[in-house]
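*Asks:* My structure is below; once you've seen it, I'll send some questions.
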Amino acid sequence: MSYHYTDSGLDNIWLEDGYTVEEHPNYGQLISVKNVRGLHEAIGRWLVGQPRTLNGAEFRFLRLELDLSQKSLGVILGVTEQAVAKWEKAKDKAVANRSAERLLRLAYINYLDGKPEFSAVIDRITQLDAEIAEHELRLTREQNGWHKIAA
């Protein structure tokens, strides 16, 4: 007997095993899933490997697995919190911003694979967004090439 696992927020996940069912006299049927963290990692890896665009529910699943708020993810992706919320609300529709969807996949797989340098890049992007951008570049030609002149 398969178990329709909806606790992930996804409608298309079915477990063939790895869970137990108990009957409780007051609460009815209780389901216990073994190794939820591992299950969610397997779901996440499957999602990022899909050749199609993620839908809103899948996008939300990956964001939650990264333990990011909509606002934090929006900062990383360079969009508003409202944009992230809109994509996630459209549960069955493909995420409209393909670049943001791809970056989320990349962030998730690097998180799973424990690549701290990717986290450092994300942190740097966030930091740069908070700084005032330079609008002018001054260069000087030196013997070993062109170099930026310090402001």
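In the structure tokens, chains take the letters A, B, ... in the order shown, each chain's residues start at 1, and ligands count up from 1 in the order shown.
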If DSSP is run on the backbone, what residues of chain A are strand (DSSP E or B)? A reply as a list in words would be ideal.

*Replies:* Tyr3, His4, Trp14, Leu15, Tyr19, Thr20, Val21, Glu22, Glu23, His24, Gly28, Gln29, Leu30, Ile31, Ser32, Val33, Asn55, Ala94, Leu139, Thr140, Arg141, Glu142, Gly145, Trp146, His147 and Lys148 of chain A

*Asks:* Considering only C-alpha atoms, tabulate each residue of range 49-79 of chain A that lies at most 8 Å from range 85-100 of chain A along with its nearest interatomic pair and the corresponding distance in Å to one decimal; arrange the rows by chain and ascending residue number and present them as a Markdown table.

*Replies:*
```
| residue | atom | partner | partner_atom | distance |
| --- | --- | --- | --- | --- |
| A:Thr53 | CA | A:Ala94 | CA | 5.7 |
| A:Leu54 | CA | A:Ala94 | CA | 5.6 |
| A:Asn55 | CA | A:Ala94 | CA | 4.1 |
| A:Gly56 | CA | A:Glu88 | CA | 3.9 |
| A:Ala57 | CA | A:Lys91 | CA | 4.5 |
| A:Glu58 | CA | A:Lys91 | CA | 7.7 |
| A:Phe59 | CA | A:Glu88 | CA | 6.5 |
| A:Arg60 | CA | A:Glu88 | CA | 5.6 |
| A:Gln70 | CA | A:Ala85 | CA | 6.6 |
| A:Leu77 | CA | A:Ala100 | CA | 5.7 |
```

*Asks:* Any chance you can output those residues with N, CA, C and O atoms as a PDB file, in the first residue's frame?

*Replies:*
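As a result, out.pdb now contains:
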```
ATOM      1  N   THR A  53      10.648  23.344 -16.182  1.00  0.00           N
ATOM      2  CA  THR A  53      10.640  24.439 -15.218  1.00  0.00           C
ATOM      3  C   THR A  53       9.873  24.011 -13.967  1.00  0.00           C
ATOM      4  O   THR A  53       8.824  23.373 -14.069  1.00  0.00           O
ATOM      5  N   LEU A  54      10.398  24.358 -12.802  1.00  0.00           N
ATOM      6  CA  LEU A  54       9.713  24.052 -11.546  1.00  0.00           C
ATOM      7  C   LEU A  54       8.404  24.821 -11.464  1.00  0.00           C
ATOM      8  O   LEU A  54       8.303  25.949 -11.950  1.00  0.00           O
ATOM      9  N   ASN A  55       7.423  24.215 -10.814  1.00  0.00           N
ATOM     10  CA  ASN A  55       6.181  24.950 -10.552  1.00  0.00           C
ATOM     11  C   ASN A  55       6.291  25.645  -9.186  1.00  0.00           C
ATOM     12  O   ASN A  55       7.281  25.478  -8.467  1.00  0.00           O
ATOM     13  N   GLY A  56       5.282  26.414  -8.838  1.00  0.00           N
ATOM     14  CA  GLY A  56       5.312  27.184  -7.601  1.00  0.00           C
ATOM     15  C   GLY A  56       5.474  26.344  -6.347  1.00  0.00           C
ATOM     16  O   GLY A  56       6.212  26.710  -5.431  1.00  0.00           O
ATOM     17  N   ALA A  57       4.801  25.200  -6.283  1.00  0.00           N
ATOM     18  CA  ALA A  57       4.902  24.324  -5.102  1.00  0.00           C
ATOM     19  C   ALA A  57       6.314  23.756  -4.978  1.00  0.00           C
ATOM     20  O   ALA A  57       6.862  23.667  -3.866  1.00  0.00           O
ATOM     21  N   GLU A  58       6.912  23.401  -6.096  1.00  0.00           N
ATOM     22  CA  GLU A  58       8.267  22.842  -6.082  1.00  0.00           C
ATOM     23  C   GLU A  58       9.292  23.915  -5.703  1.00  0.00           C
ATOM     24  O   GLU A  58      10.234  23.665  -4.941  1.00  0.00           O
ATOM     25  N   PHE A  59       9.074  25.116  -6.219  1.00  0.00           N
ATOM     26  CA  PHE A  59       9.927  26.252  -5.885  1.00  0.00           C
ATOM     27  C   PHE A  59       9.880  26.504  -4.375  1.00  0.00           C
ATOM     28  O   PHE A  59      10.911  26.682  -3.728  1.00  0.00           O
ATOM     29  N   ARG A  60       8.668  26.492  -3.817  1.00  0.00           N
ATOM     30  CA  ARG A  60       8.484  26.701  -2.380  1.00  0.00           C
ATOM     31  C   ARG A  60       9.163  25.596  -1.579  1.00  0.00           C
ATOM     32  O   ARG A  60       9.810  25.848  -0.553  1.00  0.00           O
ATOM     33  N   GLN A  70      10.794  34.165   2.164  1.00  0.00           N
ATOM     34  CA  GLN A  70      10.548  34.699   0.824  1.00  0.00           C
ATOM     35  C   GLN A  70      11.358  35.971   0.618  1.00  0.00           C
ATOM     36  O   GLN A  70      11.919  36.189  -0.464  1.00  0.00           O
ATOM     37  N   LEU A  77      17.909  36.480  -5.161  1.00  0.00           N
ATOM     38  CA  LEU A  77      17.545  36.375  -6.575  1.00  0.00           C
ATOM     39  C   LEU A  77      17.415  37.732  -7.271  1.00  0.00           C
ATOM     40  O   LEU A  77      17.278  37.784  -8.491  1.00  0.00           O
TER      41      LEU A  77
END
```

*Asks:* From chain A, collect each residue whose DSSP state is alpha helix (DSSP H) and return the set as a PyMOL selection string.

*Replies:* chain A and resi 36-48+56-65+70-77+81-89+98-112+116-130

*Asks:* Quick one: of A:Ala107, A:Leu137, A:Leu10, A:Val48, who's nearest to Leu73 in chain A, counting only C-alpha atoms?

*Replies:*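 Smallest separation from Leu73 in chain A among the options: A:Ala107.
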